[in-house]
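**Q** I'm passing along upload39.cif; it holds mmCIF, C-alpha atoms and all ligand atoms.
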data_structure
#
loop_
_atom_site.label_atom_id
_atom_site.label_comp_id
_atom_site.auth_asym_id
_atom_site.auth_seq_id
_atom_site.Cartn_x
_atom_site.Cartn_y
_atom_site.Cartn_z
CA MET A 1388 36.86 57.14 80.44
CA ASP A 1389 39.53 55.32 78.41
CA ARG A 1390 38.42 52.05 76.95
CA LEU A 1391 39.91 48.77 75.84
CA SER A 1392 39.07 47.69 72.31
CA GLU A 1393 36.56 44.90 71.77
CA GLN A 1394 39.44 42.74 70.51
CA GLN A 1395 41.28 43.30 73.82
CA TRP A 1396 38.16 42.23 75.72
CA ARG A 1397 37.85 39.09 73.57
CA ASP A 1398 41.51 38.30 74.32
CA PHE A 1399 40.91 38.87 78.02
CA ASP A 1400 37.87 36.56 78.00
CA GLU A 1401 39.83 33.91 76.09
CA ASN A 1402 43.15 34.08 77.96
CA GLY A 1403 42.41 35.63 81.35
CA PHE A 1404 44.91 38.42 80.73
CA VAL A 1405 45.52 41.14 78.18
CA ARG A 1406 48.30 43.60 77.50
CA LEU A 1407 47.22 47.21 78.08
CA GLY A 1408 50.13 48.83 76.24
CA GLN A 1409 52.01 51.86 77.53
CA LEU A 1410 50.34 53.55 80.49
CA LEU A 1411 53.21 55.58 81.94
CA GLU A 1412 55.59 58.13 80.48
CA PRO A 1413 59.32 57.58 81.18
CA GLU A 1414 59.46 60.48 83.72
CA SER A 1415 56.54 59.02 85.72
CA ILE A 1416 58.15 55.58 85.72
CA VAL A 1417 61.28 57.04 87.33
CA GLU A 1418 59.22 58.97 89.88
CA PHE A 1419 57.10 55.96 90.86
CA ALA A 1420 60.12 53.65 91.17
CA ARG A 1421 61.99 56.23 93.26
CA ARG A 1422 58.97 56.73 95.50
CA ALA A 1423 58.67 52.97 96.12
CA ASP A 1424 62.35 52.82 97.13
CA GLU A 1425 61.98 55.88 99.37
CA LEU A 1426 58.97 54.41 101.17
CA ALA A 1427 60.72 51.06 101.67
CA SER A 1428 64.05 52.50 102.78
CA GLY A 1429 62.51 54.97 105.25
CA THR A 1430 63.65 58.12 103.41
CA LEU A 1431 59.97 58.90 103.22
CA VAL A 1432 57.80 57.90 106.17
CA ASN A 1433 54.08 57.25 105.80
CA PRO A 1434 52.51 55.36 108.72
CA GLN A 1435 49.72 54.06 106.46
CA ILE A 1436 52.16 52.14 104.28
CA GLN A 1437 53.06 48.51 105.02
CA LEU A 1438 56.32 46.90 103.99
CA GLN A 1439 57.59 43.37 103.57
CA LEU A 1440 61.16 42.20 103.33
CA ASP A 1441 62.34 39.95 100.50
CA THR A 1442 63.66 36.51 101.51
CA GLY A 1443 66.05 35.98 98.63
CA GLY A 1444 64.03 32.93 97.54
CA ASP A 1445 61.99 31.02 100.10
CA TYR A 1446 58.28 31.86 99.87
CA ASP A 1447 57.48 29.96 103.09
CA ALA A 1448 60.02 32.06 105.00
CA LEU A 1449 58.29 35.36 104.16
CA PRO A 1450 57.99 37.66 107.19
CA GLY A 1451 54.77 39.57 107.94
CA VAL A 1452 54.25 43.16 106.82
CA VAL A 1453 55.62 45.92 109.06
CA SER A 1454 55.59 49.72 109.04
CA GLN A 1455 59.37 50.06 108.96
CA LEU A 1456 62.28 48.06 107.55
CA THR A 1457 65.98 48.42 108.26
CA GLU A 1458 66.85 51.96 107.28
CA GLY A 1459 68.18 52.33 103.77
CA THR A 1460 67.25 48.84 102.61
CA ARG A 1461 66.39 48.11 99.01
CA LEU A 1462 65.78 44.46 99.81
CA TYR A 1463 62.03 44.79 100.04
CA ARG A 1464 59.38 42.62 98.43
CA LYS A 1465 56.23 44.67 98.98
CA VAL A 1466 55.20 48.26 99.57
CA GLN A 1467 51.49 48.15 100.31
CA GLY A 1468 48.82 50.80 100.98
CA LEU A 1469 49.73 52.98 98.01
CA GLU A 1470 46.25 54.49 97.91
CA HIS A 1471 47.53 56.50 100.91
CA ASP A 1472 50.40 57.96 98.92
CA GLU A 1473 49.65 61.16 97.00
CA LEU A 1474 51.93 60.24 94.11
CA PHE A 1475 50.43 56.77 93.61
CA LEU A 1476 46.76 57.67 94.19
CA PRO A 1477 46.27 59.11 90.66
CA LEU A 1478 47.70 55.86 89.26
CA VAL A 1479 45.23 53.86 91.36
CA ARG A 1480 42.51 56.05 89.79
CA HIS A 1481 43.88 55.79 86.25
CA PRO A 1482 41.04 56.23 83.68
CA VAL A 1483 41.99 53.00 81.88
CA PHE A 1484 41.48 51.09 85.16
CA GLU A 1485 38.18 52.90 85.70
CA GLY A 1486 36.97 51.78 82.24
CA ILE A 1487 38.04 48.19 82.98
CA CYS A 1488 36.17 48.13 86.29
CA ALA A 1489 33.06 49.65 84.69
CA ARG A 1490 33.06 46.90 82.07
CA LEU A 1491 33.59 44.08 84.57
CA TYR A 1492 31.53 45.22 87.58
CA GLY A 1493 28.96 47.31 85.67
CA PRO A 1494 29.02 51.03 84.85
CA HIS A 1495 26.98 52.04 87.92
CA ALA A 1496 28.72 49.83 90.45
CA PRO A 1497 30.97 51.61 92.93
CA VAL A 1498 34.45 50.13 92.83
CA SER A 1499 36.76 49.77 95.80
CA LEU A 1500 40.37 48.81 96.22
CA PHE A 1501 41.49 45.62 97.92
CA ARG A 1502 45.13 46.69 97.80
CA ALA A 1503 47.59 48.70 95.72
CA MET A 1504 51.23 47.79 96.05
CA ILE A 1505 54.67 47.56 94.58
CA MET A 1506 55.91 44.03 94.08
CA ASN A 1507 59.68 44.11 93.95
CA LYS A 1508 62.27 41.48 93.11
CA PRO A 1509 65.48 43.13 94.35
CA ALA A 1510 68.56 42.74 92.13
CA GLY A 1511 70.29 39.43 92.85
CA GLN A 1512 67.44 38.34 95.17
CA GLY A 1513 63.66 37.97 94.80
CA THR A 1514 61.21 35.61 96.46
CA TYR A 1515 59.63 32.74 94.56
CA LEU A 1516 55.88 33.14 94.27
CA PRO A 1517 54.29 29.73 93.63
CA TRP A 1518 51.34 29.03 91.30
CA HIS A 1519 48.29 30.70 92.77
CA GLN A 1520 44.97 32.40 92.10
CA ASP A 1521 43.98 35.75 93.60
CA GLY A 1522 40.85 34.79 95.49
CA GLY A 1523 39.21 32.23 97.78
CA ASP A 1524 38.57 32.06 101.52
CA VAL A 1525 42.09 33.18 102.45
CA TRP A 1526 41.22 36.60 101.03
CA ALA A 1527 38.41 36.82 103.64
CA LEU A 1528 36.00 38.71 101.36
CA ASP A 1529 32.25 38.20 101.02
CA ARG A 1530 32.52 38.03 97.20
CA ASP A 1531 35.25 37.26 94.73
CA PRO A 1532 37.46 40.01 93.34
CA LEU A 1533 37.70 39.75 89.55
CA VAL A 1534 40.32 42.15 88.38
CA THR A 1535 43.96 43.04 88.97
CA VAL A 1536 46.19 45.40 87.01
CA TRP A 1537 49.95 45.09 86.88
CA VAL A 1538 52.25 47.85 85.59
CA ALA A 1539 55.98 47.33 85.12
CA LEU A 1540 58.25 50.03 86.58
CA ASP A 1541 61.34 48.22 85.29
CA PRO A 1542 61.50 46.07 82.18
CA ALA A 1543 60.04 42.72 83.31
CA THR A 1544 61.91 39.84 81.71
CA ARG A 1545 62.47 36.11 82.13
CA ALA A 1546 65.87 37.06 83.57
CA ASN A 1547 64.49 39.16 86.44
CA GLY A 1548 61.35 37.25 87.42
CA CYS A 1549 58.53 38.46 85.17
CA LEU A 1550 55.03 37.09 85.67
CA GLU A 1551 54.33 33.60 84.30
CA VAL A 1552 50.78 32.54 83.51
CA ILE A 1553 48.73 29.64 82.15
CA PRO A 1554 46.63 31.27 79.41
CA GLY A 1555 42.92 30.48 79.67
CA SER A 1556 43.25 28.98 83.17
CA HIS A 1557 40.84 31.59 84.66
CA ARG A 1558 38.11 29.55 82.98
CA LEU A 1559 38.78 26.74 85.49
CA GLY A 1560 37.26 28.99 88.17
CA LEU A 1561 38.77 28.90 91.62
CA LEU A 1562 40.42 25.50 92.02
CA SER A 1563 39.78 25.34 95.75
CA GLU A 1564 37.45 27.13 98.16
CA ARG A 1565 40.47 28.20 100.15
CA GLY A 1566 42.06 29.76 97.04
CA SER A 1567 45.51 31.31 96.69
CA THR A 1568 48.41 28.79 96.44
CA LEU A 1569 47.65 25.70 94.34
CA SER A 1570 48.04 22.20 95.77
CA THR A 1571 50.96 20.20 94.32
CA GLU A 1572 48.47 18.00 92.45
CA ASP A 1573 46.65 20.99 90.89
CA ALA A 1574 49.94 22.65 89.94
CA GLU A 1575 51.15 19.43 88.26
CA ARG A 1576 47.84 18.94 86.50
CA HIS A 1577 47.12 22.48 85.32
CA CYS A 1578 50.57 24.04 84.94
CA PRO A 1579 52.67 21.76 82.70
CA ALA A 1580 55.86 23.41 81.41
CA ASP A 1581 54.59 23.53 77.80
CA ARG A 1582 51.61 25.72 78.77
CA VAL A 1583 53.56 28.31 80.78
CA LEU A 1584 53.74 31.76 79.19
CA SER A 1585 56.22 34.39 80.42
CA LEU A 1586 54.69 37.86 80.29
CA GLU A 1587 57.71 39.99 79.49
CA LEU A 1588 56.84 43.68 79.55
CA GLU A 1589 58.49 47.01 78.88
CA ALA A 1590 58.70 49.49 81.72
CA GLY A 1591 55.56 51.64 81.84
CA HIS A 1592 53.41 48.99 80.15
CA GLY A 1593 50.46 47.35 81.84
CA LEU A 1594 48.61 44.05 82.08
CA LEU A 1595 45.05 43.27 83.02
CA LEU A 1596 44.75 39.97 84.87
CA HIS A 1597 41.65 37.97 85.77
CA ASN A 1598 41.98 37.06 89.44
CA TRP A 1599 41.43 33.37 88.71
CA LEU A 1600 44.27 33.20 86.19
CA LEU A 1601 46.96 30.76 87.38
CA HIS A 1602 50.14 32.78 87.77
CA ARG A 1603 53.51 32.77 89.52
CA SER A 1604 56.88 34.52 89.43
CA GLY A 1605 60.46 33.48 90.12
CA ILE A 1606 63.58 35.02 91.63
CA ASN A 1607 65.78 37.75 90.15
CA PRO A 1608 69.40 36.72 89.63
CA SER A 1609 69.98 39.78 87.40
CA SER A 1610 71.68 43.01 88.44
CA GLN A 1611 68.50 45.12 88.02
CA PRO A 1612 65.47 45.22 90.34
CA ARG A 1613 62.10 44.18 88.98
CA ARG A 1614 59.54 46.58 90.44
CA ALA A 1615 55.89 46.56 89.42
CA PHE A 1616 52.78 48.40 90.56
CA THR A 1617 49.76 46.16 91.07
CA ALA A 1618 46.21 46.93 92.21
CA CYS A 1619 43.20 44.70 92.80
CA TYR A 1620 39.76 46.28 92.38
CA LEU A 1621 36.55 45.06 94.01
CA ASP A 1622 32.84 45.52 93.55
CA GLY A 1623 32.38 48.43 96.00
CA ARG A 1624 29.81 46.48 98.03
CA THR A 1625 32.43 43.90 99.02
CA ARG A 1626 33.02 43.56 102.75
CA GLY A 1627 35.82 41.87 104.63
CA VAL A 1628 34.29 38.86 106.40
CA LEU A 1629 36.48 39.34 109.48
CA THR A 1630 35.64 43.02 109.95
CA GLY A 1631 32.33 43.55 108.14
CA ASN A 1632 33.92 46.68 106.66
CA HIS A 1633 33.89 47.98 103.11
CA PHE A 1634 37.12 48.86 101.30
CA PRO A 1635 38.15 52.38 100.17
CA VAL A 1636 35.98 53.41 97.23
CA ILE A 1637 38.04 54.45 94.23
CA PHE A 1638 35.48 54.85 91.45
CA GLY A 1639 31.83 55.90 91.85
CA ARG A 1640 30.06 56.30 95.17
CA LEU A 1641 28.91 53.80 97.74
CA ASP A 1642 25.57 54.94 99.14
CA PRO A 1643 26.23 55.33 102.88
CA ALA A 1644 22.51 54.80 103.67
CA PRO A 1645 21.72 51.23 104.62
CA HIS A 1646 20.20 48.95 101.98
CA HIS A 1647 16.36 49.12 101.88
CA TYR A 1648 16.21 45.55 103.18
CA VAL A 1649 18.27 46.60 106.22
CA ARG A 1650 16.07 49.70 106.66
CA GLN A 1651 12.96 47.45 106.66
CA LEU A 1652 14.61 45.23 109.28
CA HIS A 1653 15.05 48.32 111.47
CA VAL A 1654 11.32 49.17 111.07
CA ASP A 1655 10.36 45.57 111.91
CA LEU A 1656 12.67 45.62 114.92
CA ALA A 1657 11.05 48.82 116.24
CA ALA A 1658 7.55 47.29 115.84
CA LEU A 1659 8.65 44.10 117.60
CA ARG A 1660 10.21 46.11 120.44
CA HIS A 1661 6.94 48.03 120.86
CA ALA A 1662 4.86 44.82 120.84
CA HIS A 1663 7.25 43.29 123.35
CA GLY A 1664 6.86 46.31 125.66
CA THR A 1665 3.05 46.14 125.47
CA ALA A 1666 3.02 42.39 126.11
CA GLU A 1667 5.32 42.81 129.10
CA HIS A 1668 3.07 45.51 130.53
CA TYR A 1669 -0.01 43.30 130.08
CA ALA A 1670 1.80 40.38 131.73
CA HIS A 1671 2.62 42.57 134.77
CA ASP A 1672 -1.05 43.61 135.02
CA LEU A 1673 -2.12 39.98 134.87
CA GLU A 1674 0.35 39.04 137.59
CA ALA A 1675 -0.97 41.83 139.81
CA GLU A 1676 -4.53 40.64 139.18
CA VAL A 1677 -3.57 37.07 140.05
CA GLU A 1678 -2.03 38.31 143.32
CA ARG A 1679 -5.18 40.27 144.11
CA LEU A 1680 -7.41 37.26 143.45
CA ARG A 1681 -5.12 35.01 145.51
CA ALA A 1682 -5.48 37.39 148.43
CA LYS A 1683 -9.29 37.33 148.03
CA LEU A 1684 -9.25 33.57 147.84
CA GLY A 1685 -7.24 33.48 151.08
CA GLU A 1686 -9.79 35.72 152.72
CA ALA A 1687 -12.69 33.62 151.41
CA GLU A 1688 -11.04 30.45 152.63
CA SER A 1689 -10.44 31.80 156.10
CA TYR A 1690 -14.01 33.10 156.22
CA ALA A 1691 -15.29 29.68 155.14
CA ARG A 1692 -13.22 28.10 157.89
CA SER A 1693 -14.65 30.52 160.46
CA LEU A 1694 -18.18 29.63 159.32
CA GLU A 1695 -17.37 25.96 159.66
CA GLN A 1696 -16.12 26.54 163.18
CA GLU A 1697 -19.18 28.61 164.02
CA ARG A 1698 -21.47 25.90 162.65
CA ALA A 1699 -19.63 23.20 164.56
CA ALA A 1700 -19.86 25.25 167.76
CA ARG A 1701 -23.59 25.75 167.23
CA LEU A 1702 -24.18 22.13 166.64
CA LEU A 1703 -22.36 21.38 169.83
CA GLN A 1704 -24.42 23.83 171.81
CA ASP A 1705 -27.59 22.75 169.99
CA SER A 1706 -28.23 26.45 169.81
CA THR A 1707 -31.31 28.22 168.34
CA VAL A 1708 -29.53 31.52 167.42
CA PRO A 1709 -31.36 33.04 164.39
CA LEU A 1710 -29.47 32.98 161.11
CA GLN A 1711 -29.75 36.80 160.62
CA ALA A 1712 -27.46 37.30 163.62
CA SER A 1713 -24.41 36.07 161.68
CA ALA A 1714 -25.38 37.53 158.25
CA ALA A 1715 -23.73 40.95 158.75
CA PRO A 1716 -20.08 39.83 158.62
CA ARG A 1717 -20.84 37.75 155.52
CA ARG A 1718 -22.33 40.72 153.69
CA GLY A 1719 -19.22 42.75 154.57
CA TRP A 1720 -16.95 40.09 153.13
CA LEU A 1721 -19.05 39.80 149.92
CA ALA A 1722 -18.85 43.57 149.40
CA ARG A 1723 -15.02 43.49 149.75
CA LEU A 1724 -14.79 40.55 147.33
CA ARG A 1725 -16.76 42.52 144.70
CA GLY A 1726 -14.52 45.52 145.37
CA ASP A 1727 -17.45 47.85 146.13
CA GLY A 1728 -16.90 48.21 149.83
CA ALA A 1729 -14.54 50.40 151.82
CA HIS A 1730 -11.18 48.74 152.47
O1 LIG W 1 54.55 40.69 90.77
C1 LIG W 1 54.62 39.49 90.95
O2 LIG W 1 55.65 38.86 90.82
C2 LIG W 1 53.41 38.70 91.32
C3 LIG W 1 52.20 39.54 91.56
C4 LIG W 1 51.04 38.71 91.91
O3 LIG W 1 51.02 37.53 91.91
C5 LIG W 1 49.82 39.37 92.28
O4 LIG W 1 49.76 40.60 92.32
O5 LIG W 1 48.85 38.66 92.56
#
Reformat the file's structure so that it appears as structure tokens.
Ligand SMILES: O=C(O)CCC(=O)C(=O)O
**A**
Amino acid sequence: MDRLSEQQWRDFDENGFVRLGQLLEPESIVEFARRADELASGTLVNPQIQLQLDTGGDYDALPGVVSQLTEGTRLYRKVQGLEHDELFLPLVRHPVFEGICARLYGPHAPVSLFRAMIMNKPAGQGTYLPWHQDGGDVWALDRDPLVTVWVALDPATRANGCLEVIPGSHRLGLLSERGSTLSTEDAERHCPADRVLSLELEAGHGLLLHNWLLHRSGINPSSQPRRAFTACYLDGRTRGVLTGNHFPVIFGRLDPAPHHYVRQLHVDLAALRHAHGTAEHYAHDLEAEVERLRAKLGEAESYARSLEQERAARLLQDSTVPLQASAAPRRGWLARLRGDGAH
């Protein structure tokens, strides 16, 4: 696993970004840039890739991502989903990026990919990207992503819309819960002109960016496109809050078995289901018993009424009929009530 030097890590901690030096050979740069253009222009079709058109300036006018642009166009802003492209996948898995993720998320943490894309500023066009941070509620994740890499596929210069950053601004944390684009007040307060640093970069060179670093980029009035590969890596346990799903794991392995806490919940649920079944059964038995006793009570009441009538009739007749004569039916009823007689 390739490693950054301790000095690079100190610079990253201090500034929120660090230069990674040359990561790509000239031949690979040409291949990657060509591939991005082919995917955007439709020469190469991959249904798992998403594309976004450049606006020529206005960030608020950006269209959504689509799977196809006008055939042959070079006026694209984004090619996204590059983990699904066989040429780009090895770049997504670059050993330098693996070492960075191991240092930031821990050597045993699985690491997943939020997105891998080409950000393009077409020659003579480009879309402004206002001051922002890469995190917050708009990202709809259950934990904050920390790390993004950015690799120039063309020389990135002030003239063609290179990245601009406020060094050290990652130490502010996320400026709003919502995240992403800064409010006008925050941009005025934290991004004064004298603190803005343009990160010019040679083609094939890379940057490591903390996701909370305040950054932006401008348009590209030059005659050359400004294409860059960028990838944001997540702690592999991260889930999207809208889907509950994990993201594709790039480094390490995410144990597919549920967490032991979730397993225990399943055990508890099974025990509760069993107890619920037993209680329901017992309740049915009790209800049946109540019905049986109600029926007996009805019988007893009607027998009591018949005795009352008999007594009243006897009184009327002033009869001397011996008591034993009416005992037999009573014994029969008592036997039924106890349940020891024939029904
Ligand atoms: O490439 C650019 O101009 C901006 C990229 C960016 O802001 C990002 O990847 O978060």
**Q** With distances taken over all atoms listed in the file, which residue among A:Asn1632, A:Asn1598, A:Ser1689, A:Ser1610 lies nearest ligand LIG 1 (chain W)?
**A**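 Ranked by minimum distance to ligand LIG 1 (chain W), first place goes to A:Asn1598.
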**Q** Using all atoms listed in the file, find each residue with an atom at most 6 Å away from ligand LIG 1 (chain W) and format the answer as a list in words.
**A**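 Residues lying within 6 Å of ligand LIG 1 (chain W): Met1506, Asp1521, Leu1550, Arg1603, Ser1604 and Thr1617 of chain A.
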**Q** Around (59.2, 40.5, 90.2), as given in the file, which residues come within 12 Å? Count only C-alpha atoms and list them as a PyMOL selection string.
**A** chain A and resi 1441+1443-1444+1463-1465+1505-1516+1537-1551+1585-1588+1603-1609+1611-1617
**Q** Name the residues within 12 Å of (38.0, 55.6, 78.5), counting only C-alpha atoms in the file's coordinates, and put them as a VMD selection string.
**A** chain A and resid 1388 to 1392 1481 to 1490 1494
**Q** Given only C-alpha atoms as the basis, pick out the residue of A:Leu1431, A:Gln1455, A:His1519, A:Val1534 nearest to Asp1573 (chain A).
**A**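 Nearest to Asp1573 (chain A): A:His1519.
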**Q** For the atom pair CA of Arg1626 (chain A) and CA of Ile1436 (chain A), what is the interatomic distance in Å to one decimal place?
**A**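 These atoms are spaced 21.0 Å apart.
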